[in-house]
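Novice: Here you go, this is data.txt (compact mmCIF, C-alpha atoms and all ligand atoms).
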```
# COMPACT_ATOMS: atom_id res chain seq x y z
CA MET T 1 130.14 85.94 131.88
CA GLY T 2 133.35 84.68 133.45
CA PRO T 3 136.58 86.72 133.48
CA GLU T 4 138.03 84.68 130.61
CA VAL T 5 135.11 85.46 128.34
CA ILE T 6 135.14 89.11 129.33
CA ALA T 7 138.88 89.33 128.56
CA LYS T 8 138.32 87.69 125.18
CA LEU T 9 135.47 90.04 124.24
CA ALA T 10 137.39 93.10 125.47
CA SER T 11 140.37 92.18 123.32
CA ARG T 12 138.07 91.68 120.33
CA ILE T 13 136.65 95.16 120.83
CA ASP T 14 140.21 96.53 120.73
CA SER T 15 140.98 94.60 117.53
CA GLU T 16 137.76 95.80 115.91
CA ARG T 17 138.65 99.40 116.66
CA ALA T 18 142.18 98.95 115.32
CA ARG T 19 141.51 96.88 112.21
CA ARG T 20 141.84 98.35 108.70
CA GLU T 21 140.01 95.53 106.91
CA PRO T 22 138.14 92.31 107.74
CA PRO T 23 140.29 89.55 109.23
CA ALA T 24 142.37 87.48 106.83
CA GLY T 25 140.36 84.82 105.07
CA PHE T 26 136.94 86.33 105.71
CA PRO T 27 134.94 85.36 102.61
CA GLU T 28 133.20 87.55 100.09
CA LEU T 29 129.50 87.24 100.92
CA PRO T 30 127.31 86.43 97.90
CA ASP T 31 124.43 88.86 97.33
CA ILE T 32 121.14 88.16 99.11
CA PRO T 33 118.51 87.74 96.36
CA PRO T 34 115.68 90.32 96.69
CA GLY T 35 113.13 87.59 95.92
CA ARG T 36 113.66 86.26 99.44
CA TYR T 37 111.73 89.32 100.66
CA THR T 38 108.88 89.11 98.18
CA ASN T 39 108.36 85.59 96.84
CA ARG T 40 105.13 83.94 98.06
CA ASP T 41 106.42 80.39 97.57
CA PHE T 42 109.46 81.22 99.67
CA LEU T 43 107.14 82.52 102.39
CA VAL T 44 105.33 79.17 102.40
CA LEU T 45 108.65 77.32 102.76
CA GLU T 46 109.59 79.55 105.70
CA GLY T 47 106.27 78.89 107.40
CA GLU T 48 106.57 75.15 107.08
CA HIS T 49 110.24 74.62 107.81
CA LEU T 50 111.17 77.54 110.02
CA TRP T 51 108.28 79.05 111.96
CA HIS T 52 106.44 75.85 112.77
CA LYS T 53 109.65 74.17 113.94
CA ALA T 54 111.64 76.81 115.80
CA TRP T 55 111.65 77.43 119.55
CA LEU T 56 109.81 80.73 120.01
CA TYR T 57 109.30 82.92 123.05
CA ALA T 58 105.60 82.86 123.93
CA ALA T 59 105.00 83.99 127.51
CA HIS T 60 106.44 84.97 130.88
CA VAL T 61 105.47 83.10 134.05
CA ASP T 62 104.05 86.35 135.45
CA GLU T 63 101.24 85.86 132.95
CA LEU T 64 100.34 82.53 134.59
CA PRO T 65 100.19 83.39 138.28
CA ASP T 66 97.88 80.61 139.54
CA THR T 67 96.91 77.02 138.89
CA GLY T 68 94.61 77.17 135.87
CA SER T 69 95.92 80.54 134.62
CA TYR T 70 96.22 80.48 130.85
CA LYS T 71 97.36 82.55 127.89
CA LEU T 72 96.00 82.04 124.40
CA TRP T 73 99.02 82.47 122.16
CA GLN T 74 98.48 82.74 118.40
CA ARG T 75 101.49 84.77 117.32
CA ASN T 76 102.79 81.91 115.17
CA GLY T 77 99.48 81.38 113.38
CA SER T 78 98.36 78.28 115.31
CA PRO T 79 95.99 78.62 118.30
CA ILE T 80 97.98 77.48 121.33
CA VAL T 81 96.88 77.63 124.96
CA ILE T 82 99.67 77.86 127.53
CA LEU T 83 98.66 77.14 131.11
CA ARG T 84 99.84 76.40 134.61
CA ASP T 85 98.73 72.94 135.72
CA GLN T 86 97.92 71.63 139.19
CA ASP T 87 101.59 70.73 139.77
CA ASP T 88 102.69 74.28 138.89
CA ALA T 89 104.21 73.07 135.64
CA VAL T 90 103.70 75.10 132.49
CA ARG T 91 102.12 73.20 129.62
CA ALA T 92 101.00 74.05 126.12
CA PHE T 93 98.32 72.49 123.92
CA TYR T 94 96.68 73.33 120.65
CA ASN T 95 93.49 75.17 121.56
CA ILE T 96 91.62 72.68 119.41
CA CYS T 97 88.99 70.31 120.74
CA ARG T 98 89.47 66.72 119.63
CA HIS T 99 85.80 66.48 118.64
CA ARG T 100 85.26 68.97 115.82
CA GLY T 101 87.97 71.51 116.47
CA GLY T 102 86.07 73.88 118.72
CA PRO T 103 88.03 76.38 120.80
CA LEU T 104 88.63 75.55 124.46
CA VAL T 105 89.48 79.07 125.53
CA THR T 106 88.33 82.15 123.67
CA GLU T 107 89.79 84.98 125.74
CA ASP T 108 93.44 86.02 125.41
CA SER T 109 94.04 85.14 129.06
CA GLY T 110 92.16 84.05 132.14
CA LYS T 111 91.86 81.38 134.78
CA LEU T 112 90.34 77.95 134.30
CA GLU T 113 88.31 76.49 137.12
CA GLY T 114 88.79 72.76 136.95
CA GLY T 115 89.66 72.18 133.33
CA LEU T 116 89.21 73.12 129.70
CA VAL T 117 85.66 72.95 128.39
CA CYS T 118 85.02 73.10 124.68
CA ASN T 119 82.77 75.97 123.64
CA TYR T 120 81.01 73.90 120.98
CA HIS T 121 79.60 70.73 122.61
CA GLY T 122 81.21 70.78 126.02
CA TRP T 123 83.90 68.08 125.88
CA THR T 124 86.02 68.57 128.97
CA TYR T 125 89.77 68.13 129.45
CA ASP T 126 91.84 68.36 132.62
CA LEU T 127 94.83 70.73 132.90
CA GLY T 128 97.06 67.93 131.66
CA GLY T 129 95.04 67.81 128.42
CA LYS T 130 93.32 64.52 129.21
CA LEU T 131 89.77 64.11 127.92
CA VAL T 132 87.78 63.51 131.11
CA ASN T 133 84.17 64.04 130.14
CA LEU T 134 81.94 64.14 127.10
CA ARG T 135 78.24 64.68 126.78
CA ASP T 136 76.10 61.82 125.40
CA ARG T 137 78.97 59.41 125.36
CA ARG T 138 76.54 56.59 124.42
CA ASP T 139 76.07 58.08 120.96
CA PHE T 140 79.73 57.76 119.94
CA ILE T 141 80.28 54.26 118.65
CA GLY T 142 83.79 52.88 119.08
CA LEU T 143 85.27 56.13 120.41
CA ASP T 144 88.45 55.44 122.36
CA THR T 145 88.64 58.50 124.61
CA SER T 146 92.23 57.72 125.56
CA CYS T 147 93.23 58.65 121.99
CA ARG T 148 91.38 61.96 122.09
CA ASN T 149 93.45 63.99 124.53
CA LEU T 150 94.50 67.51 123.61
CA VAL T 151 97.47 67.67 121.25
CA PRO T 152 100.45 68.89 123.29
CA VAL T 153 102.88 71.53 122.05
CA ARG T 154 106.52 71.44 123.16
CA CYS T 155 106.98 73.96 125.93
CA GLU T 156 110.07 74.71 128.04
CA ARG T 157 111.23 77.39 130.39
CA LEU T 158 114.39 79.47 130.37
CA GLY T 159 114.20 81.20 133.74
CA ASN T 160 110.80 82.89 133.78
CA TRP T 161 110.52 82.86 130.02
CA ILE T 162 108.36 80.25 128.32
CA PHE T 163 109.30 79.04 124.87
CA VAL T 164 107.23 76.78 122.62
CA SER T 165 108.00 74.75 119.53
CA GLU T 166 105.42 73.17 117.26
CA ASP T 167 107.94 70.53 116.21
CA PRO T 168 107.44 67.41 118.36
CA ASP T 169 110.96 66.35 117.37
CA ALA T 170 112.66 69.65 118.19
CA PRO T 171 115.81 69.28 120.30
CA PRO T 172 115.49 70.40 123.94
CA LEU T 173 115.57 74.20 124.26
CA ALA T 174 118.98 74.17 125.97
CA GLU T 175 120.48 72.22 123.09
CA TYR T 176 118.80 74.45 120.51
CA LEU T 177 120.22 77.56 122.16
CA GLY T 178 123.70 76.09 122.71
CA PRO T 179 126.18 78.75 123.93
CA VAL T 180 123.36 81.30 124.15
CA HIS T 181 121.74 79.10 126.78
CA ASP T 182 125.00 79.11 128.79
CA TYR T 183 125.05 82.89 128.71
CA PHE T 184 121.44 83.40 129.77
CA THR T 185 121.53 80.83 132.54
CA SER T 186 124.49 82.75 134.00
CA LEU T 187 122.16 85.73 134.50
CA PRO T 188 119.78 86.06 137.48
CA LEU T 189 116.84 85.21 135.24
CA ASP T 190 114.44 84.59 138.09
CA SER T 191 114.78 88.26 139.03
CA LEU T 192 113.30 89.39 135.71
CA ARG T 193 109.66 90.43 135.88
CA LEU T 194 107.37 91.22 132.97
CA VAL T 195 107.10 95.00 132.58
CA SER T 196 105.08 95.65 129.43
CA GLN T 197 104.18 94.45 125.96
CA GLU T 198 103.54 96.46 122.84
CA THR T 199 103.07 95.61 119.15
CA PHE T 200 103.62 97.51 115.93
CA GLU T 201 102.33 96.58 112.47
CA VAL T 202 105.01 97.16 109.88
CA ASN T 203 104.58 97.00 106.11
CA CYS T 204 107.63 94.95 105.25
CA ASN T 205 108.79 91.37 105.04
CA VAL T 206 109.64 89.93 108.43
CA LYS T 207 113.29 89.51 107.44
CA LEU T 208 113.74 93.16 106.53
CA LEU T 209 112.26 94.07 109.89
CA LEU T 210 114.64 91.73 111.69
CA GLU T 211 117.76 92.78 109.81
CA GLY T 212 117.64 96.32 111.21
CA PHE T 213 118.29 94.79 114.63
CA LEU T 214 121.24 92.70 113.46
CA GLU T 215 123.78 95.37 112.57
CA VAL T 216 125.01 98.75 113.80
CA TYR T 217 126.33 99.88 110.40
CA HIS T 218 123.20 102.06 110.07
CA LEU T 219 123.66 103.96 113.35
CA LYS T 220 125.38 107.04 111.88
CA SER T 221 122.73 107.60 109.23
CA VAL T 222 119.58 106.56 111.06
CA HIS T 223 120.29 107.07 114.76
CA GLY T 224 122.75 109.98 114.61
CA GLY T 225 120.88 111.84 117.34
CA THR T 226 120.17 108.81 119.53
CA VAL T 227 122.02 105.46 119.70
CA ASP T 228 125.06 106.65 117.76
CA ARG T 229 125.76 109.26 120.42
CA PHE T 230 126.56 106.63 123.05
CA LEU T 231 127.42 103.37 121.22
CA ASP T 232 130.73 103.00 119.43
CA TYR T 233 129.70 100.98 116.39
CA ARG T 234 133.29 100.64 115.18
CA GLY T 235 134.24 98.71 118.31
CA THR T 236 131.40 96.25 117.82
CA THR T 237 132.38 92.61 118.01
CA ILE T 238 130.19 89.85 116.61
CA THR T 239 130.03 86.19 117.53
CA LEU T 240 128.21 83.76 115.26
CA PHE T 241 126.87 80.68 117.03
CA PRO T 242 125.51 77.44 115.58
CA GLN T 243 121.85 77.21 114.53
CA GLY T 244 121.66 80.83 113.43
CA HIS T 245 122.08 82.49 116.84
CA SER T 246 124.50 85.39 117.25
CA LEU T 247 125.78 88.08 119.56
CA MET T 248 126.72 91.66 118.74
CA LEU T 249 128.52 93.43 121.56
CA SER T 250 128.90 97.19 121.21
CA PRO T 251 130.99 99.24 123.63
CA ASN T 252 129.79 102.57 124.93
CA ARG T 253 131.68 105.52 123.48
CA ARG T 254 132.71 106.53 127.01
CA PRO T 255 133.18 103.96 129.79
CA ASP T 256 131.54 106.28 132.31
CA TRP T 257 128.42 106.88 130.19
CA GLU T 258 125.20 106.25 132.06
CA ASP T 259 121.79 105.89 130.44
CA PRO T 260 119.73 108.77 131.87
CA GLY T 261 116.60 106.76 130.99
CA THR T 262 117.45 104.05 133.53
CA ARG T 263 118.45 106.28 136.43
CA GLY T 264 116.42 105.25 139.46
CA LEU T 265 115.79 101.70 138.21
CA PRO T 266 117.30 98.69 140.00
CA GLU T 267 120.05 96.66 138.29
CA MET T 268 120.19 92.90 137.89
CA PRO T 269 122.05 91.30 140.79
CA GLY T 270 125.68 90.59 139.92
CA THR T 271 126.01 93.40 137.35
CA THR T 272 129.65 94.21 136.59
CA ASP T 273 131.34 97.26 135.08
CA PHE T 274 131.76 95.30 131.85
CA ASP T 275 127.96 94.95 131.72
CA ARG T 276 127.56 98.68 132.29
CA GLN T 277 130.13 99.68 129.69
CA ASN T 278 129.03 97.42 126.83
CA SER T 279 125.75 96.57 125.19
CA PRO T 280 125.37 92.90 124.25
CA SER T 281 122.56 92.16 121.82
CA PHE T 282 121.64 88.54 121.13
CA ASN T 283 119.68 87.15 118.22
CA ILE T 284 117.95 84.02 119.40
CA PHE T 285 117.19 82.45 116.05
CA PRO T 286 114.91 83.08 114.37
CA ASN T 287 112.97 86.07 115.58
CA LEU T 288 114.12 87.40 118.92
CA VAL T 289 116.65 90.19 119.40
CA THR T 290 117.45 91.33 122.89
CA PRO T 291 119.84 94.13 123.79
CA LEU T 292 120.67 93.58 127.45
CA ALA T 293 121.15 96.31 130.01
CA PRO T 294 121.61 95.99 133.77
CA ALA T 295 118.22 97.64 134.37
CA GLY T 296 116.38 95.24 132.09
CA LEU T 297 115.91 94.32 128.49
CA PRO T 298 113.38 94.29 125.71
CA PHE T 299 112.62 91.21 123.64
CA ASN T 300 112.19 92.56 120.13
CA MET T 301 110.30 89.84 118.31
CA VAL T 302 109.34 89.87 114.67
CA TRP T 303 106.45 87.83 113.32
CA PRO T 304 105.50 87.28 109.67
CA ARG T 305 102.01 88.05 108.41
CA THR T 306 102.22 88.19 104.62
CA ALA T 307 105.23 88.45 102.28
CA ASP T 308 105.25 92.19 102.85
CA THR T 309 103.70 92.74 106.26
CA ALA T 310 104.98 91.81 109.70
CA ILE T 311 104.47 92.47 113.38
CA LEU T 312 107.08 93.81 115.76
CA GLU T 313 106.38 92.83 119.35
CA VAL T 314 108.40 94.56 122.07
CA THR T 315 108.19 92.97 125.51
CA TRP T 316 110.16 94.45 128.39
CA PHE T 317 111.59 92.61 131.40
CA ALA T 318 113.40 94.05 134.36
CA PRO T 319 114.65 93.21 137.85
CA ASP T 320 111.88 95.39 139.07
CA ASP T 321 109.06 94.62 141.43
CA PRO T 322 105.82 95.50 139.61
CA ALA T 323 104.23 96.40 142.95
CA ASP T 324 106.91 98.98 143.61
CA ARG T 325 107.42 100.34 140.15
CA ASN T 326 108.47 103.79 139.17
CA GLU T 327 106.02 104.20 136.29
CA ASP T 328 107.36 107.61 135.26
CA VAL T 329 110.86 106.24 134.74
CA TRP T 330 109.46 103.33 132.76
CA THR T 331 107.23 105.56 130.65
CA THR T 332 110.28 107.63 129.74
CA ARG T 333 112.43 104.59 129.09
CA ARG T 334 109.88 103.02 126.76
CA SER T 335 109.19 106.23 124.92
CA ASN T 336 112.94 106.77 124.36
CA TYR T 337 113.14 103.26 122.95
CA ASN T 338 110.08 103.75 120.75
CA ARG T 339 111.60 106.95 119.42
CA ILE T 340 114.57 104.88 118.20
CA LEU T 341 112.20 102.36 116.61
CA GLY T 342 110.45 105.29 114.95
CA GLU T 343 113.74 106.09 113.24
CA ASP T 344 113.98 102.55 111.81
CA LEU T 345 110.47 101.51 110.86
CA PRO T 346 109.55 104.05 108.15
CA LEU T 347 112.79 103.18 106.35
CA VAL T 348 112.23 99.44 106.19
CA GLU T 349 108.74 100.01 104.77
CA LYS T 350 110.30 102.02 101.93
CA ILE T 351 112.86 99.26 101.37
CA GLN T 352 110.02 96.74 101.04
CA VAL T 353 108.45 98.86 98.27
CA ALA T 354 111.87 98.88 96.63
CA MET T 355 112.24 95.10 96.93
CA ASN T 356 108.85 94.62 95.24
CA SER T 357 109.94 96.68 92.22
CA PRO T 358 111.84 95.53 89.12
CA GLY T 359 114.60 97.91 90.25
CA ALA T 360 115.62 95.63 93.12
CA ARG T 361 118.98 93.93 92.73
CA GLY T 362 121.08 91.57 94.85
CA VAL T 363 121.99 92.84 98.33
CA PRO T 364 125.75 92.91 99.09
CA LEU T 365 126.60 92.55 102.78
CA SER T 366 129.75 93.70 104.55
CA TYR T 367 131.82 92.08 107.27
CA GLN T 368 129.90 94.24 109.77
CA GLU T 369 126.60 92.86 108.46
CA ARG T 370 127.61 89.21 108.62
CA ARG T 371 124.96 88.33 111.22
CA ILE T 372 122.37 88.94 108.53
CA TYR T 373 124.12 86.53 106.19
CA HIS T 374 124.50 83.97 108.97
CA TRP T 375 120.74 84.21 109.62
CA HIS T 376 119.84 83.65 105.96
CA ALA T 377 122.23 80.71 105.68
CA GLU T 378 120.57 79.09 108.69
CA LEU T 379 117.15 79.67 107.15
CA ASP T 380 118.24 77.75 104.05
CA ARG T 381 119.64 74.99 106.23
CA GLN T 382 116.27 74.70 107.98
CA ILE T 383 114.28 74.71 104.76
CA GLY T 384 116.73 72.39 102.99
CA ALA T 385 118.69 73.97 100.13
CA GLN T 386 117.27 71.44 97.63
CA ARG T 387 113.77 72.83 98.20
CA ILE T 388 114.84 76.39 97.33
CA PRO T 389 115.02 77.59 93.71
CA ASP T 390 118.64 78.32 92.69
CA ALA T 391 117.94 82.02 92.24
CA LEU T 392 116.81 82.39 95.86
CA ARG T 393 119.46 80.31 97.63
CA VAL T 394 122.13 81.57 100.01
CA ALA T 395 125.37 79.57 100.10
CA PRO T 396 126.68 78.52 103.55
CA VAL T 397 129.98 80.41 103.35
CA LEU T 398 130.26 81.37 107.04
CA ASP T 399 130.36 77.93 108.64
CA ASP T 400 134.06 78.29 109.46
CA TRP T 401 133.31 81.59 111.23
CA THR T 402 130.82 80.05 113.63
CA GLU T 403 131.88 79.40 117.25
CA ASN T 404 130.59 76.44 119.23
CA SER T 405 131.46 77.75 122.67
CA TRP T 406 132.52 80.86 124.55
CA THR T 407 136.14 79.84 125.00
S1 LIG N 501 83.96 70.57 118.95
FE1 LIG N 501 84.48 70.45 121.01
S2 LIG N 501 82.89 69.38 121.91
FE2 LIG N 501 82.38 69.42 119.82
FE FE N 502 118.06 100.87 114.03
```
So, in terms of structure tokens, how does the structure I just supplied come out?
Ligand code: FES
Ligand SMILES: [Fe+2]
Specialist:
Amino acid sequence: MGPEVIAKLASRIDSERARREPPAGFPELPDIPPGRYTNRDFLVLEGEHLWHKAWLYAAHVDELPDTGSYKLWQRNGSPIVILRDQDDAVRAFYNICRHRGGPLVTEDSGKLEGGLVCNYHGWTYDLGGKLVNLRDRRDFIGLDTSCRNLVPVRCERLGNWIFVSEDPDAPPLAEYLGPVHDYFTSLPLDSLRLVSQETFEVNCNVKLLLEGFLEVYHLKSVHGGTVDRFLDYRGTTITLFPQGHSLMLSPNRRPDWEDPGTRGLPEMPGTTDFDRQNSPSFNIFPNLVTPLAPAGLPFNMVWPRTADTAILEVTWFAPDDPADRNEDVWTTRRSNYNRILGEDLPLVEKIQVAMNSPGARGVPLSYQERRIYHWHAELDRQIGAQRIPDALRVAPVLDDWTENSWT
């Protein structure tokens, strides 16, 4: 972040602390209909128009150390194999043989020697997805092998992070991320190593799970003994970006506060006092929330399963050499973080039960919770408002409050 942006954010923190009401002209936010958390048809629309089109984090290059290293990634429902090819480029394909759909890889990760061999009848593809060999070729009449290569999946890197999109027409990742891309590419991303991955099954709709990460209004009630002790939620400033992305920057209560859980861990090169004194948390639309800290960051990713079950995946990255890692510090850091999650997760499961009941009513959101509204409005934009029943729609009332750049 340049000095201009830092000055702008610092002045916004001051205004947030001083304000007595939302800024002039901020609109009343229409209620979020509870059916958006329970309706099966709505879930189908989300799958088709959101999840199978968005750019989604899938892997870190540390998971693909050598030529032929692969990861089988199925978090989004489709079987996708991500691999490192002979030119060191990362590629992704559907893990679906072009003969009768057999799987090419069956383990979650591994290393391919030579190419991808189907487990059913042995059709063989090179690391670029090209069909290079098939058994008993003479028995296939009229088969044009050049049309039977593996189906590629869009795959791009942001630093060491690998994102995929199942939409062949998706914009490039940089364009999709917009100002968020500018921010992340200003960080020393190549210094970030993969630390750990963990998943939690949660009995709630994926959106309820996500929303807990999008506001700090709940800190006093839910995290009174943890996060609320060091973050000043009333100084929080929010920036809404195009395409559903957003930033929530919360200042520490005391500028000299130091996270005891990160003592002894290296910081990202170029860390400034502003980075140490404030916690920026990005939502990369749709499903990734990352609160950044100089000693590393988790990617909190939510994934839908059914209308009322979801997965929370927490993947940690840090400017930390895995070969020289202080495991005790990391064990403590992760368990502190999981303790905070343990304060949130039981609550959202109860809210899901509530949303499924006839007692559920529309959800009013405050100025502080506007990221949630912004997210829902983007979802409707992706689905296409005309496809959504009137009773489940969210009107795009925050477009004028969205910022296209940092300055
Ligand atoms: S399904 Fe792959 S070779 Fe037959
Ligand atoms: Fe929380």
Novice: Which protein, DNA or RNA residues have an atom within 6 Å of ligand LIG 501 (chain N), counting all atoms listed in the file, as an mmCIF file with C-alpha atoms, in the frame of the given file?
Specialist:
```
data_model
loop_
_atom_site.group_PDB
_atom_site.id
_atom_site.type_symbol
_atom_site.label_atom_id
_atom_site.label_comp_id
_atom_site.auth_asym_id
_atom_site.auth_seq_id
_atom_site.Cartn_x
_atom_site.Cartn_y
_atom_site.Cartn_z
ATOM 1 C CA CYS T 97 88.990 70.310 120.740
ATOM 2 C CA HIS T 99 85.800 66.480 118.640
ATOM 3 C CA ARG T 100 85.260 68.970 115.820
ATOM 4 C CA GLY T 101 87.970 71.510 116.470
ATOM 5 C CA GLY T 102 86.070 73.880 118.720
ATOM 6 C CA CYS T 118 85.020 73.100 124.680
ATOM 7 C CA TYR T 120 81.010 73.900 120.980
ATOM 8 C CA HIS T 121 79.600 70.730 122.610
ATOM 9 C CA GLY T 122 81.210 70.780 126.020
ATOM 10 C CA TRP T 123 83.900 68.080 125.880
#
```
Novice: For ligand FE 502 (chain N), return the neighbouring residues as an MDAnalysis selection string (distance at most 7 Å; all atoms listed in the file).
Specialist: chainID T and resid 212:213 218:219 222:223 340:341 343:344
Novice: Report as CSV: every residue of segment 201-273 of chain T with an atom at most 12 Å from segment 349-353 of chain T, its closest pair of atoms, and their distance in Å to one decimal, counting all atoms listed in the file, with rows sorted by chain and ascending residue number.
Specialist:
```
residue,atom,partner,partner_atom,distance
T:Glu201,CA,T:Glu349,CA,10.6
T:Val202,CA,T:Glu349,CA,6.9
T:Asn203,CA,T:Glu349,CA,5.3
T:Cys204,CA,T:Gln352,CA,5.2
T:Asn205,CA,T:Gln352,CA,6.8
T:Val206,CA,T:Gln352,CA,10.1
T:Lys207,CA,T:Gln352,CA,10.2
T:Leu208,CA,T:Gln352,CA,7.5
T:Leu209,CA,T:Glu349,CA,8.6
T:Glu211,CA,T:Ile351,CA,11.7
T:Gly212,CA,T:Ile351,CA,11.3
```
Novice: Nearest residue to Asp400 of chain T out of T:Leu345, T:His374, T:Thr271, T:Ser15, using all atoms listed in the file?
Specialist: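 The shortest atom-to-atom distance to Asp400 of chain T comes from T:His374.
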Novice: Find the distance between atom CA of Gln382 of chain T and atom CA of Trp161 of chain T and write it in Å to one decimal.
Specialist: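 Those two atoms sit 24.2 Å apart.
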Novice: Leaving out Asp320 of chain T and any residue of its chain fewer than 5 positions from it, which residues lie within 9 Å of it when counting only C-alpha atoms, given as a VMD selection string?
Specialist: chain T and resid 191 to 195 265 to 268 295 to 296 325
Novice: Kindly give the distance, in Å, that separates atom CA of Val61 of chain T and atom CA of Ala293 of chain T, rounded to a single decimal.
Specialist: 20.9 Å
Novice: Counting all atoms listed in the file, I want the residues whose atoms come within 7 Å of (107.0, 80.4, 109.9) in the file frame, returned as an mmCIF file with C-alpha atoms, in the frame of the given file.
Specialist:
```
data_model
loop_
_atom_site.group_PDB
_atom_site.id
_atom_site.type_symbol
_atom_site.label_atom_id
_atom_site.label_comp_id
_atom_site.auth_asym_id
_atom_site.auth_seq_id
_atom_site.Cartn_x
_atom_site.Cartn_y
_atom_site.Cartn_z
ATOM 1 C CA GLU T 46 109.590 79.550 105.700
ATOM 2 C CA GLY T 47 106.270 78.890 107.400
ATOM 3 C CA GLU T 48 106.570 75.150 107.080
ATOM 4 C CA HIS T 49 110.240 74.620 107.810
ATOM 5 C CA LEU T 50 111.170 77.540 110.020
ATOM 6 C CA TRP T 51 108.280 79.050 111.960
ATOM 7 C CA HIS T 52 106.440 75.850 112.770
ATOM 8 C CA ASN T 76 102.790 81.910 115.170
#
```
